[in-house]
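Listing of target_3.pdb; format and content: PDB, C-alpha atoms and all ligand atoms.
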ATOM      1  CA  GLU A 436     -44.468-124.162  -0.670
ATOM      2  CA  LEU A 437     -41.637-121.858  -1.561
ATOM      3  CA  HIS A 438     -42.530-122.279  -5.172
ATOM      4  CA  GLN A 439     -46.139-121.347  -4.526
ATOM      5  CA  ASN A 440     -45.162-118.259  -2.514
ATOM      6  CA  LYS A 441     -42.915-117.136  -5.262
ATOM      7  CA  ALA A 442     -45.714-117.381  -7.768
ATOM      8  CA  GLU A 443     -48.017-115.427  -5.506
ATOM      9  CA  TYR A 444     -45.346-112.818  -4.893
ATOM     10  CA  SER A 445     -44.749-112.190  -8.550
ATOM     11  CA  PHE A 446     -48.477-111.915  -9.064
ATOM     12  CA  ILE A 447     -48.665-109.182  -6.408
ATOM     13  CA  LEU A 448     -45.703-107.399  -7.949
ATOM     14  CA  ILE A 449     -47.322-107.434 -11.348
ATOM     15  CA  SER A 450     -50.620-106.081 -10.079
ATOM     16  CA  LEU A 451     -48.917-103.349  -8.081
ATOM     17  CA  SER A 452     -46.632-102.158 -10.832
ATOM     18  CA  ALA A 453     -49.979-102.338 -12.552
ATOM     19  CA  ASP A 454     -49.035-101.445 -15.632
ATOM     20  CA  ASP A 455     -51.881 -99.022 -16.152
ATOM     21  CA  THR A 456     -51.233 -99.152 -19.863
ATOM     22  CA  VAL A 457     -54.576 -98.741 -21.600
ATOM     23  CA  LEU A 458     -55.944-100.986 -24.315
ATOM     24  CA  PRO A 459     -54.416-100.381 -27.745
ATOM     25  CA  ASN A 460     -56.510 -98.904 -30.538
ATOM     26  CA  CYS A 461     -59.014 -97.176 -28.278
ATOM     27  CA  TRP A 462     -59.796 -93.503 -28.078
ATOM     28  CA  ILE A 463     -58.561 -92.253 -24.714
ATOM     29  CA  VAL A 464     -60.717 -89.542 -23.194
ATOM     30  CA  VAL A 465     -59.668 -87.507 -20.167
ATOM     31  CA  ARG A 466     -62.481 -85.424 -18.686
ATOM     32  CA  LEU A 467     -61.753 -82.873 -16.005
ATOM     33  CA  ASP A 468     -64.228 -80.899 -13.936
ATOM     34  CA  GLY A 469     -63.846 -77.958 -11.550
ATOM     35  CA  ARG A 470     -64.037 -78.928  -7.887
ATOM     36  CA  ASN A 471     -66.936 -77.244  -6.131
ATOM     37  CA  PHE A 472     -67.342 -74.573  -8.801
ATOM     38  CA  HIS A 473     -70.818 -73.844  -7.538
ATOM     39  CA  ARG A 474     -69.058 -72.122  -4.648
ATOM     40  CA  PHE A 475     -66.067 -70.953  -6.710
ATOM     41  CA  SER A 476     -68.344 -69.208  -9.229
ATOM     42  CA  GLU A 477     -70.266 -67.446  -6.461
ATOM     43  CA  GLN A 478     -67.157 -66.311  -4.610
ATOM     44  CA  HIS A 479     -65.652 -64.940  -7.804
ATOM     45  CA  GLU A 480     -68.870 -63.242  -8.842
ATOM     46  CA  PHE A 481     -69.427 -65.166 -12.065
ATOM     47  CA  LYS A 482     -72.242 -63.638 -14.090
ATOM     48  CA  LYS A 483     -75.155 -66.098 -14.069
ATOM     49  CA  PRO A 484     -76.038 -68.201 -15.907
ATOM     50  CA  ASN A 485     -73.008 -67.736 -18.192
ATOM     51  CA  ASP A 486     -69.877 -65.805 -17.376
ATOM     52  CA  ASP A 487     -67.945 -65.182 -20.595
ATOM     53  CA  ARG A 488     -64.648 -64.570 -18.803
ATOM     54  CA  ALA A 489     -64.844 -67.980 -17.155
ATOM     55  CA  LEU A 490     -65.741 -69.736 -20.411
ATOM     56  CA  GLN A 491     -62.886 -68.033 -22.252
ATOM     57  CA  LEU A 492     -60.414 -68.868 -19.505
ATOM     58  CA  MET A 493     -61.467 -72.544 -19.588
ATOM     59  CA  THR A 494     -60.889 -72.571 -23.338
ATOM     60  CA  LYS A 495     -57.515 -70.843 -23.042
ATOM     61  CA  CYS A 496     -56.424 -73.545 -20.568
ATOM     62  CA  ALA A 497     -57.687 -76.305 -22.862
ATOM     63  CA  GLN A 498     -55.784 -74.799 -25.810
ATOM     64  CA  THR A 499     -52.656 -74.777 -23.669
ATOM     65  CA  VAL A 500     -53.172 -78.433 -22.790
ATOM     66  CA  MET A 501     -53.536 -79.348 -26.477
ATOM     67  CA  GLN A 502     -50.434 -77.400 -27.446
ATOM     68  CA  GLU A 503     -48.244 -78.615 -24.586
ATOM     69  CA  LEU A 504     -49.196 -82.299 -24.548
ATOM     70  CA  GLU A 505     -48.972 -84.826 -27.363
ATOM     71  CA  ASP A 506     -51.595 -86.475 -29.536
ATOM     72  CA  ILE A 507     -54.841 -84.713 -28.605
ATOM     73  CA  ALA A 508     -57.170 -84.875 -31.626
ATOM     74  CA  ILE A 509     -60.147 -82.899 -30.329
ATOM     75  CA  ALA A 510     -61.453 -81.394 -27.097
ATOM     76  CA  TYR A 511     -64.925 -80.398 -25.959
ATOM     77  CA  GLY A 512     -65.825 -78.096 -23.090
ATOM     78  CA  GLN A 513     -68.807 -76.575 -21.310
ATOM     79  CA  SER A 514     -69.378 -75.079 -17.856
ATOM     80  CA  ASP A 515     -66.484 -76.137 -15.591
ATOM     81  CA  GLU A 516     -65.556 -79.247 -17.569
ATOM     82  CA  TYR A 517     -63.372 -80.173 -20.548
ATOM     83  CA  SER A 518     -62.885 -83.503 -22.319
ATOM     84  CA  PHE A 519     -59.655 -84.256 -24.181
ATOM     85  CA  VAL A 520     -59.565 -87.013 -26.786
ATOM     86  CA  PHE A 521     -56.206 -88.660 -27.446
ATOM     87  CA  LYS A 522     -55.617 -90.362 -30.773
ATOM     88  CA  LYS A 523     -56.327 -94.081 -30.997
ATOM     89  CA  LYS A 524     -52.768 -94.787 -32.074
ATOM     90  CA  SER A 525     -51.078 -92.574 -29.496
ATOM     91  CA  ARG A 526     -47.953 -94.100 -27.929
ATOM     92  CA  TRP A 527     -47.432 -91.172 -25.549
ATOM     93  CA  PHE A 528     -45.994 -92.459 -22.247
ATOM     94  CA  LYS A 529     -46.628 -95.991 -23.496
ATOM     95  CA  ARG A 530     -50.362 -95.249 -23.119
ATOM     96  CA  ARG A 531     -50.191 -95.135 -19.327
ATOM     97  CA  ALA A 532     -53.522 -93.916 -17.949
ATOM     98  CA  SER A 533     -51.998 -92.186 -14.922
ATOM     99  CA  LYS A 534     -49.639 -90.148 -17.136
ATOM    100  CA  PHE A 535     -52.439 -88.962 -19.421
ATOM    101  CA  MET A 536     -54.709 -88.018 -16.573
ATOM    102  CA  THR A 537     -52.200 -86.320 -14.288
ATOM    103  CA  HIS A 538     -50.535 -84.347 -17.071
ATOM    104  CA  VAL A 539     -53.861 -83.084 -18.412
ATOM    105  CA  VAL A 540     -55.218 -82.067 -15.030
ATOM    106  CA  SER A 541     -52.057 -80.423 -13.716
ATOM    107  CA  GLN A 542     -51.338 -78.545 -16.960
ATOM    108  CA  PHE A 543     -54.925 -77.301 -17.003
ATOM    109  CA  SER A 544     -54.967 -76.281 -13.334
ATOM    110  CA  SER A 545     -51.706 -74.351 -13.459
ATOM    111  CA  SER A 546     -52.881 -72.631 -16.667
ATOM    112  CA  TYR A 547     -56.116 -71.626 -14.948
ATOM    113  CA  VAL A 548     -54.163 -69.746 -12.305
ATOM    114  CA  PHE A 549     -51.499 -68.498 -14.734
ATOM    115  CA  TYR A 550     -54.009 -66.965 -17.175
ATOM    116  CA  TRP A 551     -56.636 -65.902 -14.611
ATOM    117  CA  LYS A 552     -55.732 -62.202 -14.651
ATOM    118  CA  ASP A 553     -55.864 -62.014 -18.452
ATOM    119  CA  TYR A 554     -59.593 -62.733 -18.314
ATOM    120  CA  PHE A 555     -60.712 -61.623 -14.863
ATOM    121  CA  LYS A 556     -58.675 -58.382 -14.669
ATOM    122  CA  ASP A 557     -59.544 -56.724 -11.338
ATOM    123  CA  GLN A 558     -61.419 -59.748  -9.997
ATOM    124  CA  GLN A 559     -58.911 -61.248  -7.563
ATOM    125  CA  LEU A 560     -58.356 -64.970  -7.460
ATOM    126  CA  LEU A 561     -59.284 -65.710  -3.843
ATOM    127  CA  TYR A 562     -58.018 -69.273  -3.442
ATOM    128  CA  PRO A 563     -56.360 -71.981  -5.572
ATOM    129  CA  PRO A 564     -58.981 -73.847  -7.619
ATOM    130  CA  GLY A 565     -58.786 -77.602  -8.186
ATOM    131  CA  PHE A 566     -59.988 -79.998 -10.874
ATOM    132  CA  ASP A 567     -60.771 -83.686 -10.822
ATOM    133  CA  GLY A 568     -59.974 -85.989 -13.700
ATOM    134  CA  ARG A 569     -61.191 -89.300 -15.019
ATOM    135  CA  ILE A 570     -60.266 -91.439 -17.939
ATOM    136  CA  VAL A 571     -62.611 -93.344 -20.238
ATOM    137  CA  LEU A 572     -61.848 -95.554 -23.240
ATOM    138  CA  TYR A 573     -63.908 -95.803 -26.390
ATOM    139  CA  PRO A 574     -63.190 -98.671 -28.776
ATOM    140  CA  SER A 575     -65.047 -97.382 -31.840
ATOM    141  CA  ASN A 576     -65.517 -94.074 -33.629
ATOM    142  CA  GLN A 577     -69.252 -94.350 -32.994
ATOM    143  CA  ASN A 578     -68.616 -94.770 -29.240
ATOM    144  CA  LEU A 579     -66.540 -91.608 -29.263
ATOM    145  CA  LYS A 580     -69.167 -89.636 -31.205
ATOM    146  CA  ASP A 581     -71.827 -90.853 -28.769
ATOM    147  CA  TYR A 582     -69.697 -89.724 -25.837
ATOM    148  CA  LEU A 583     -69.202 -86.228 -27.265
ATOM    149  CA  SER A 584     -72.911 -86.041 -28.176
ATOM    150  CA  TRP A 585     -73.763 -86.916 -24.586
ATOM    151  CA  ARG A 586     -71.612 -84.050 -23.246
ATOM    152  CA  GLN A 587     -73.143 -81.587 -25.732
ATOM    153  CA  ALA A 588     -76.672 -82.759 -24.892
ATOM    154  CA  ASP A 589     -75.791 -82.212 -21.225
ATOM    155  CA  CYS A 590     -74.651 -78.674 -22.068
ATOM    156  CA  HIS A 591     -77.966 -77.963 -23.799
ATOM    157  CA  ILE A 592     -80.142 -79.371 -21.011
ATOM    158  CA  ASN A 593     -78.264 -77.515 -18.275
ATOM    159  CA  ASN A 594     -78.118 -74.266 -20.205
ATOM    160  CA  LEU A 595     -81.824 -74.268 -20.992
ATOM    161  CA  TYR A 596     -82.597 -74.910 -17.335
ATOM    162  CA  ASN A 597     -80.122 -72.302 -16.085
ATOM    163  CA  THR A 598     -81.315 -69.668 -18.568
ATOM    164  CA  VAL A 599     -84.922 -69.900 -17.338
ATOM    165  CA  PHE A 600     -83.895 -70.327 -13.718
ATOM    166  CA  TRP A 601     -81.820 -67.140 -13.665
ATOM    167  CA  MET A 602     -84.468 -65.171 -15.585
ATOM    168  CA  LEU A 603     -87.003 -66.112 -12.920
ATOM    169  CA  VAL A 604     -84.570 -65.045 -10.195
ATOM    170  CA  GLN A 605     -83.069 -61.937 -11.790
ATOM    171  CA  ARG A 606     -86.091 -60.589 -13.665
ATOM    172  CA  SER A 607     -89.131 -61.915 -11.825
ATOM    173  CA  GLY A 608     -87.604 -61.676  -8.363
ATOM    174  CA  LEU A 609     -88.269 -65.289  -7.403
ATOM    175  CA  THR A 610     -86.045 -66.798  -4.741
ATOM    176  CA  PRO A 611     -83.835 -69.675  -5.940
ATOM    177  CA  VAL A 612     -86.136 -72.103  -4.139
ATOM    178  CA  GLN A 613     -89.250 -70.625  -5.774
ATOM    179  CA  ALA A 614     -87.603 -70.734  -9.206
ATOM    180  CA  GLN A 615     -86.613 -74.346  -8.678
ATOM    181  CA  GLU A 616     -90.170 -75.247  -7.640
ATOM    182  CA  ARG A 617     -91.585 -73.436 -10.629
ATOM    183  CA  LEU A 618     -89.369 -75.502 -12.964
ATOM    184  CA  GLN A 619     -89.922 -78.837 -11.261
ATOM    185  CA  GLY A 620     -91.303 -81.347 -13.740
ATOM    186  CA  THR A 621     -91.251 -78.970 -16.723
ATOM    187  CA  LEU A 622     -90.175 -80.283 -20.114
ATOM    188  CA  ALA A 623     -87.929 -78.511 -22.628
ATOM    189  CA  GLY A 624     -90.996 -77.165 -24.458
ATOM    190  CA  ASP A 625     -92.372 -75.659 -21.235
ATOM    191  CA  LYS A 626     -89.072 -73.929 -20.533
ATOM    192  CA  ASN A 627     -88.904 -72.513 -24.045
ATOM    193  CA  GLU A 628     -92.470 -71.259 -23.591
ATOM    194  CA  ILE A 629     -91.711 -69.539 -20.269
ATOM    195  CA  LEU A 630     -88.700 -67.827 -21.840
ATOM    196  CA  PHE A 631     -90.744 -66.696 -24.817
ATOM    197  CA  SER A 632     -93.991 -65.609 -23.170
ATOM    198  CA  GLU A 633     -92.584 -64.134 -19.953
ATOM    199  CA  PHE A 634     -89.222 -62.792 -21.055
ATOM    200  CA  ASN A 635     -89.579 -62.395 -24.796
ATOM    201  CA  ILE A 636     -86.547 -64.629 -25.310
ATOM    202  CA  ASN A 637     -86.265 -67.042 -28.185
ATOM    203  CA  TYR A 638     -83.918 -69.666 -26.773
ATOM    204  CA  ASN A 639     -82.612 -70.493 -30.249
ATOM    205  CA  ASN A 640     -81.232 -66.981 -30.503
ATOM    206  CA  GLU A 641     -79.109 -67.345 -27.370
ATOM    207  CA  PRO A 642     -75.365 -67.337 -28.150
ATOM    208  CA  LEU A 643     -74.065 -70.600 -29.615
ATOM    209  CA  ILE A 644     -71.230 -70.784 -27.098
ATOM    210  CA  TYR A 645     -73.810 -71.129 -24.293
ATOM    211  CA  ARG A 646     -76.045 -73.613 -26.112
ATOM    212  CA  LYS A 647     -73.392 -75.780 -27.796
ATOM    213  CA  GLY A 648     -70.263 -75.385 -25.681
ATOM    214  CA  THR A 649     -66.803 -75.228 -27.275
ATOM    215  CA  VAL A 650     -65.126 -77.675 -29.629
ATOM    216  CA  LEU A 651     -61.365 -77.368 -30.086
ATOM    217  CA  ILE A 652     -59.797 -78.755 -33.244
ATOM    218  CA  TRP A 653     -56.497 -78.403 -35.072
ATOM    219  CA  GLN A 654     -56.573 -76.292 -38.211
ATOM    220  CA  LYS A 655     -53.969 -75.223 -40.705
ATOM    221  CA  VAL A 656     -53.698 -71.485 -40.930
ATOM    222  CA  ASN A 657     -51.549 -69.330 -43.148
ATOM    223  CA  GLU A 658     -49.496 -66.772 -41.352
ATOM    224  CA  VAL A 659     -47.767 -63.873 -43.025
ATOM    225  CA  ILE A 660     -44.704 -62.772 -41.178
ATOM    226  CA  THR A 661     -42.069 -60.211 -42.055
ATOM    227  CA  LYS A 662     -38.552 -61.486 -41.938
ATOM    228  CA  LYS A 663     -35.386 -59.465 -42.005
ATOM    229  CA  ILE A 664     -32.855 -60.946 -44.370
ATOM    230  CA  LYS A 665     -29.423 -59.838 -45.328
ATOM    231  CA  LEU A 666     -28.436 -60.468 -48.912
ATOM    232  CA  PRO A 667     -24.772 -61.309 -49.356
ATOM    233  CA  LYS A 668     -24.059 -58.491 -51.828
ATOM    234  CA  GLU A 669     -26.026 -55.759 -50.045
ATOM    235  CA  GLU A 670     -25.147 -53.723 -47.018
ATOM    236  CA  GLU A 671     -28.612 -53.188 -45.521
ATOM    237  CA  GLU A 672     -31.011 -55.806 -44.164
ATOM    238  CA  LYS A 673     -34.153 -56.193 -46.232
ATOM    239  CA  GLU A 674     -37.632 -56.910 -44.941
ATOM    240  CA  VAL A 675     -39.540 -59.583 -46.839
ATOM    241  CA  GLU A 676     -42.967 -61.072 -46.292
ATOM    242  CA  VAL A 677     -43.128 -64.835 -46.055
ATOM    243  CA  THR A 678     -46.187 -67.025 -45.704
ATOM    244  CA  ARG A 679     -45.946 -70.116 -43.609
ATOM    245  CA  THR A 680     -48.517 -72.717 -42.644
ATOM    246  CA  ARG A 681     -49.035 -73.496 -39.005
ATOM    247  CA  THR A 682     -51.418 -75.781 -37.217
ATOM    248  CA  LYS A 683     -53.377 -73.958 -34.558
ATOM    249  CA  VAL A 684     -56.007 -74.938 -32.027
ATOM    250  CA  VAL A 685     -59.243 -73.306 -33.138
ATOM    251  CA  PRO A 686     -62.453 -72.982 -31.088
ATOM    252  CA  LEU A 687     -65.835 -73.728 -32.695
ATOM    253  CA  HIS A 688     -69.316 -73.504 -31.198
ATOM    254  CA  CYS A 689     -71.157 -75.854 -33.493
ATOM    255  CA  ASP A 690     -73.339 -78.919 -33.311
ATOM    256  CA  ILE A 691     -71.357 -82.157 -32.994
ATOM    257  CA  ILE A 692     -74.333 -84.454 -32.469
ATOM    258  CA  GLY A 693     -75.347 -84.647 -36.128
ATOM    259  CA  ASP A 694     -73.199 -86.057 -38.953
ATOM    260  CA  GLN A 695     -72.376 -82.740 -40.565
ATOM    261  CA  PHE A 696     -69.491 -81.848 -38.266
ATOM    262  CA  TRP A 697     -67.800 -85.231 -38.754
ATOM    263  CA  GLU A 698     -68.281 -85.049 -42.518
ATOM    264  CA  GLU A 699     -66.749 -81.584 -42.569
ATOM    265  CA  TYR A 700     -63.700 -82.636 -40.521
ATOM    266  CA  PRO A 701     -63.068 -86.303 -41.421
ATOM    267  CA  GLU A 702     -59.385 -86.029 -40.470
ATOM    268  CA  ILE A 703     -60.261 -85.916 -36.742
ATOM    269  CA  LEU A 704     -61.350 -89.552 -36.737
ATOM    270  CA  ALA A 705     -59.011 -90.643 -39.520
ATOM    271  CA  GLU A 706     -55.834 -91.030 -37.504
TER     272      GLU A 706
HETATM  273  P1  LIG B 801     -68.212 -80.863  -8.230
HETATM  274  O1  LIG B 801     -67.012 -80.632  -7.396
HETATM  275  O2  LIG B 801     -68.952 -82.100  -7.861
HETATM  276  O3  LIG B 801     -67.954 -80.814  -9.708
HETATM  277  P2  LIG B 801     -69.503 -78.331  -8.685
HETATM  278  O4  LIG B 801     -70.054 -77.311  -7.748
HETATM  279  O5  LIG B 801     -68.316 -77.924  -9.499
HETATM  280  O6  LIG B 801     -69.205 -79.650  -7.869
HETATM  281  P3  LIG B 801     -70.791 -78.924 -11.215
HETATM  282  O7  LIG B 801     -71.895 -79.867 -11.492
HETATM  283  O8  LIG B 801     -69.475 -79.231 -11.829
HETATM  284  O9  LIG B 801     -70.683 -78.800  -9.628
HETATM  285  O10 LIG B 801     -71.297 -77.492 -11.654
HETATM  286  C1  LIG B 801     -70.458 -76.437 -11.962
HETATM  287  C2  LIG B 801     -70.963 -75.146 -11.342
HETATM  288  O11 LIG B 801     -70.151 -74.050 -11.732
HETATM  289  C3  LIG B 801     -72.377 -74.805 -11.735
HETATM  290  O12 LIG B 801     -73.056 -74.426 -10.579
HETATM  291  C4  LIG B 801     -72.251 -73.619 -12.652
HETATM  292  O13 LIG B 801     -73.284 -72.744 -12.467
HETATM  293  C5  LIG B 801     -70.922 -72.985 -12.243
HETATM  294  N1  LIG B 801     -70.241 -72.460 -13.438
HETATM  295  C6  LIG B 801     -69.260 -73.077 -14.155
HETATM  296  N2  LIG B 801     -68.892 -72.331 -15.194
HETATM  297  C7  LIG B 801     -69.651 -71.209 -15.157
HETATM  298  C8  LIG B 801     -69.739 -70.035 -15.979
HETATM  299  N3  LIG B 801     -68.969 -69.887 -17.073
HETATM  300  N4  LIG B 801     -70.622 -69.076 -15.640
HETATM  301  C9  LIG B 801     -71.387 -69.218 -14.559
HETATM  302  N5  LIG B 801     -71.368 -70.280 -13.728
HETATM  303  C10 LIG B 801     -70.500 -71.278 -14.023
HETATM  304  P1  LIG B 802     -39.794 -85.581 -16.371
HETATM  305  O1  LIG B 802     -40.791 -84.796 -17.101
HETATM  306  O2  LIG B 802     -39.549 -86.915 -16.953
HETATM  307  O3  LIG B 802     -40.080 -85.653 -14.883
HETATM  308  P2  LIG B 802     -37.584 -83.884 -15.537
HETATM  309  O4  LIG B 802     -36.692 -83.030 -16.318
HETATM  310  O5  LIG B 802     -38.566 -83.193 -14.632
HETATM  311  O6  LIG B 802     -38.390 -84.806 -16.587
HETATM  312  P3  LIG B 802     -36.741 -85.379 -13.210
HETATM  313  O7  LIG B 802     -36.131 -86.761 -13.159
HETATM  314  O8  LIG B 802     -38.088 -85.250 -12.579
HETATM  315  O9  LIG B 802     -36.737 -84.955 -14.753
HETATM  316  O10 LIG B 802     -35.677 -84.420 -12.605
HETATM  317  C1  LIG B 802     -35.974 -83.138 -12.088
HETATM  318  C2  LIG B 802     -34.968 -82.125 -12.556
HETATM  319  O11 LIG B 802     -35.232 -80.869 -11.975
HETATM  320  C3  LIG B 802     -33.545 -82.476 -12.214
HETATM  321  O12 LIG B 802     -32.736 -82.264 -13.339
HETATM  322  C4  LIG B 802     -33.167 -81.510 -11.120
HETATM  323  O13 LIG B 802     -31.840 -81.112 -11.279
HETATM  324  C5  LIG B 802     -34.108 -80.358 -11.319
HETATM  325  N1  LIG B 802     -34.539 -79.820 -10.038
HETATM  326  C6  LIG B 802     -35.672 -80.119  -9.362
HETATM  327  N2  LIG B 802     -35.759 -79.489  -8.221
HETATM  328  C7  LIG B 802     -34.631 -78.752  -8.122
HETATM  329  C8  LIG B 802     -34.111 -77.868  -7.138
HETATM  330  N3  LIG B 802     -34.757 -77.617  -6.004
HETATM  331  N4  LIG B 802     -32.924 -77.298  -7.374
HETATM  332  C9  LIG B 802     -32.261 -77.545  -8.517
HETATM  333  N5  LIG B 802     -32.675 -78.369  -9.469
HETATM  334  C10 LIG B 802     -33.842 -78.972  -9.293
HETATM  335 MG    MG B 803     -69.045 -82.822 -10.960
HETATM  336 MG    MG B 804     -67.568 -79.111 -11.014
HETATM  337 MG    MG B 805     -69.298 -79.592 -13.989
HETATM  338 MG    MG B 806     -39.676 -87.942 -13.789
HETATM  339 MG    MG B 807     -39.760 -84.242 -13.326
END
As structure tokens:
Amino acid sequence: ELHQNKAEYSFILISLSADDTVLPNCWIVVRLDGRNFHRFSEQHEFKKPNDDRALQLMTKCAQTVMQELEDIAIAYGQSDEYSFVFKKKSRWFKRRASKFMTHVVSQFSSSYVFYWKDYFKDQQLLYPPGFDGRIVLYPSNQNLKDYLSWRQADCHINNLYNTVFWMLVQRSGLTPVQAQERLQGTLAGDKNEILFSEFNINYNNEPLIYRKGTVLIWQKVNEVITKKIKLPKEEEEKEVEVTRTRTKVVPLHCDIIGDQFWEEYPEILAE
């Protein structure tokens, strides 16, 4: 009996210490999303349907996450969400899921508060915002591309809806309920048609950042800096220009559903 108990006990210990190490060789995606941002965006007077300050702040926070944490290959964001993709081969924190998720979410949240005033200026931050996080694994490159395509398709669907919705409210004076009823059951083509015929808006000319969201990738950039050097034989310091290559996180607002993006940046999936 003792023997059996011991076996059971070690089983419990193992499942508790639950090694939350994630499967090797999978892409690790952490997606975070603002908690109750419907309310947060109203209270902080976000411009509807798209507040540029809020989008830029989200991207600033995501850049900070990529720079501060290890092994993030690409990130994609829209609305109040961002997805971070860790390299397949990452050994960061022995691939422990809880470490990835908590570090991403806390670094992002503190950045949101830290950088708030740089984007919102006089608009006071009224209460501390929160973000939820989840972790998903994708075994193949195709799985990962499908995931990112899904988030970008979601961005498009929501943005088309929101663009018409807010036109009906702001320009035609419909109440939110009336606008919602008007759009019930409409297809993408119908929404495009309403925008065009009633508001003279060609949806395809709306800014890319609204329609496609934001992709963050690493790019090599050349930086020219002036350095002061002192030559051994000379008295005065001399200023010289030196070029150095740095890798920076760069935002793009392009399509990532088709093959073109992945053909243009093969190194993202290569490692
Ligand atoms: P939950 O806590 O379940 O995520 P939520 O209210 O945050 O609830 P979401 O589905 O995440 O629900 O929707 C985000 C909300 O935030 C939307 O209502 C959207 O209009 C608003 N929002 C987010 N970013 C912006 C922005 N840049 N400009 C205007 N509104 C925004
Ligand atoms: P990790 O990222 O692994 O957590 P860490 O540097 O945060 O690394 P901890 O084991 O968490 O390591 O130790 C926290 C450190 O912060 C200690 O070195 C401790 O001296 C310091 N620290 C935390 N709170 C205080 C405090 N109230 N006063 C002085 N030092 C503090
Ligand atoms: Mg949500
Ligand atoms: Mg949300
Ligand atoms: Mg959301
Ligand atoms: Mg510690
Ligand atoms: Mg610590």
Hey, which bits of chain A sit within 12 Å of ligand LIG 802 (chain B), and for each residue what's the closest pair of atoms and how far apart in Å (one decimal), counting only C-alpha atoms and all ligand atoms, rows by chain and increasing number, as JSON lines?
{"residue": "A:Leu504", "atom": "CA", "partner": "B:LIG802", "partner_atom": "O1", "distance": 11.5}
{"residue": "A:Phe528", "atom": "CA", "partner": "B:LIG802", "partner_atom": "O2", "distance": 10.0}
{"residue": "A:Lys534", "atom": "CA", "partner": "B:LIG802", "partner_atom": "O1", "distance": 10.3}
{"residue": "A:Thr537", "atom": "CA", "partner": "B:LIG802", "partner_atom": "O1", "distance": 11.8}
{"residue": "A:His538", "atom": "CA", "partner": "B:LIG802", "partner_atom": "O1", "distance": 9.8}
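For the file at hand, the PyMOL selection byres (((chain A and resi 650-652) around 7) and not hetatm) resolves to A:Ala508, A:Ile509, A:Ala510, A:Tyr511, A:Gly512, A:Gly648, A:Thr649, A:Trp653, A:Gln654, A:Val684, A:Val685, A:Pro686, A:Leu687, A:His688.
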Ground truth for the PyMOL selection byres (((not hetatm)) within 6 of (chain B and resi 804)), written as a compact mmCIF listing (two decimals) with C-alpha atoms, in the coordinates of the input:
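Saved to result_29.txt:
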# COMPACT_ATOMS: atom_id res chain seq x y z
CA ASP A 468 -64.23 -80.90 -13.94
CA GLY A 469 -63.85 -77.96 -11.55
CA ARG A 470 -64.04 -78.93 -7.89
CA ASN A 471 -66.94 -77.24 -6.13
CA PHE A 472 -67.34 -74.57 -8.80
CA ASP A 515 -66.48 -76.14 -15.59
- Among the residues A:Arg488, A:Arg679, A:Lys665, A:Lys556, the one that comes closest to ligand LIG 801 (chain B) [using all atoms listed in the file]: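 Among the listed residues, the smallest separation from ligand LIG 801 (chain B) belongs to A:Arg488.
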- Counting only C-alpha atoms, which of A:Ile463, A:Val659, A:Ile664, A:Ala623 gets nearest to Glu676 (chain A)? A:Val659
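For Tyr573 (chain A), the set of protein, DNA and RNA residues having any atom at most 12 Å away, when counting only C-alpha atoms and skipping those fewer than 3 positions along the same chain, is A:Val457, A:Leu458, A:Pro459, A:Asn460, A:Cys461, A:Trp462, A:Ile463, A:Val464, A:Val465, A:Val520, A:Phe521, A:Lys522, A:Lys523, A:Ile570, A:Asn576, A:Gln577, A:Asn578, A:Leu579, A:Lys580, A:Asp581, A:Tyr582, A:Leu583.
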- Message: Within 12 Å of ligand MG 805 (chain B) (counting only C-alpha atoms and all ligand atoms), which residues show up? I'd like them as an NGL selection string.
- Response: :A and (466-476 or 493 or 512-518 or 566-568 or 586 or 589-590 or 593)
- Exercise: Pro642 (chain A) partners within 12 Å, all atoms listed in the file, chain neighbours under 6 positions left out, as JSON, numbers by chain: {"A": [485, 487, 591, 594, 595, 598, 636, 648, 649, 688, 689]}
Could the residues in this selection be written to a file with C-alpha atoms, as a short mmCIF file (atom, residue, chain, number, x, y, z; two decimals), in the coordinates of the input?
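Output saved as selection20.cif:
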data_model
loop_
_atom_site.label_atom_id
_atom_site.label_comp_id
_atom_site.auth_asym_id
_atom_site.auth_seq_id
_atom_site.Cartn_x
_atom_site.Cartn_y
_atom_site.Cartn_z
CA ASN A 485 -73.01 -67.74 -18.19
CA ASP A 487 -67.94 -65.18 -20.60
CA HIS A 591 -77.97 -77.96 -23.80
CA ASN A 594 -78.12 -74.27 -20.20
CA LEU A 595 -81.82 -74.27 -20.99
CA THR A 598 -81.32 -69.67 -18.57
CA ILE A 636 -86.55 -64.63 -25.31
CA GLY A 648 -70.26 -75.39 -25.68
CA THR A 649 -66.80 -75.23 -27.28
CA HIS A 688 -69.32 -73.50 -31.20
CA CYS A 689 -71.16 -75.85 -33.49
#
- Message: Report, in Å with one decimal, the straight-line distance from CA of Asp454 (chain A) to CA of Arg569 (chain A).
- Response: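 Computing it gives 17.2 Å between the two atoms.
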- Query: Between A:Thr494, A:Ser584, A:Gln502, A:Ser607, which one has atoms that come closest to Glu633 (chain A), using only C-alpha atoms?
  - Reply: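 Under the stated criterion, the closest residue is A:Ser607.
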Taking all atoms of ligand LIG 801 (chain B) that the file lists, what box with edges along x, y and z, padded by 6 Å per side, do you get, with centre and edge lengths in Å to one decimal, as lines of an AutoDock Vina configuration file?
center_x = -70.1
center_y = -75.6
center_z = -12.2
size_x = 18.3
size_y = 25.0
size_z = 21.7
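Restricting the calculation to all atoms listed in the file, the smallest distance between Asn597 (chain A) and any of A:Lys668, A:Arg646, A:Arg530, A:Lys663 is found for A:Arg646.
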- Item | Atomic separation - CA of Leu560 (chain A) relative to CA of Cys496 (chain A), Å |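 Distance reported for this atom pair: 15.8 Å.
Going from atom N1 of ligand LIG 801 (chain B) to CA of Ala588 (chain A) covers 16.7 Å.
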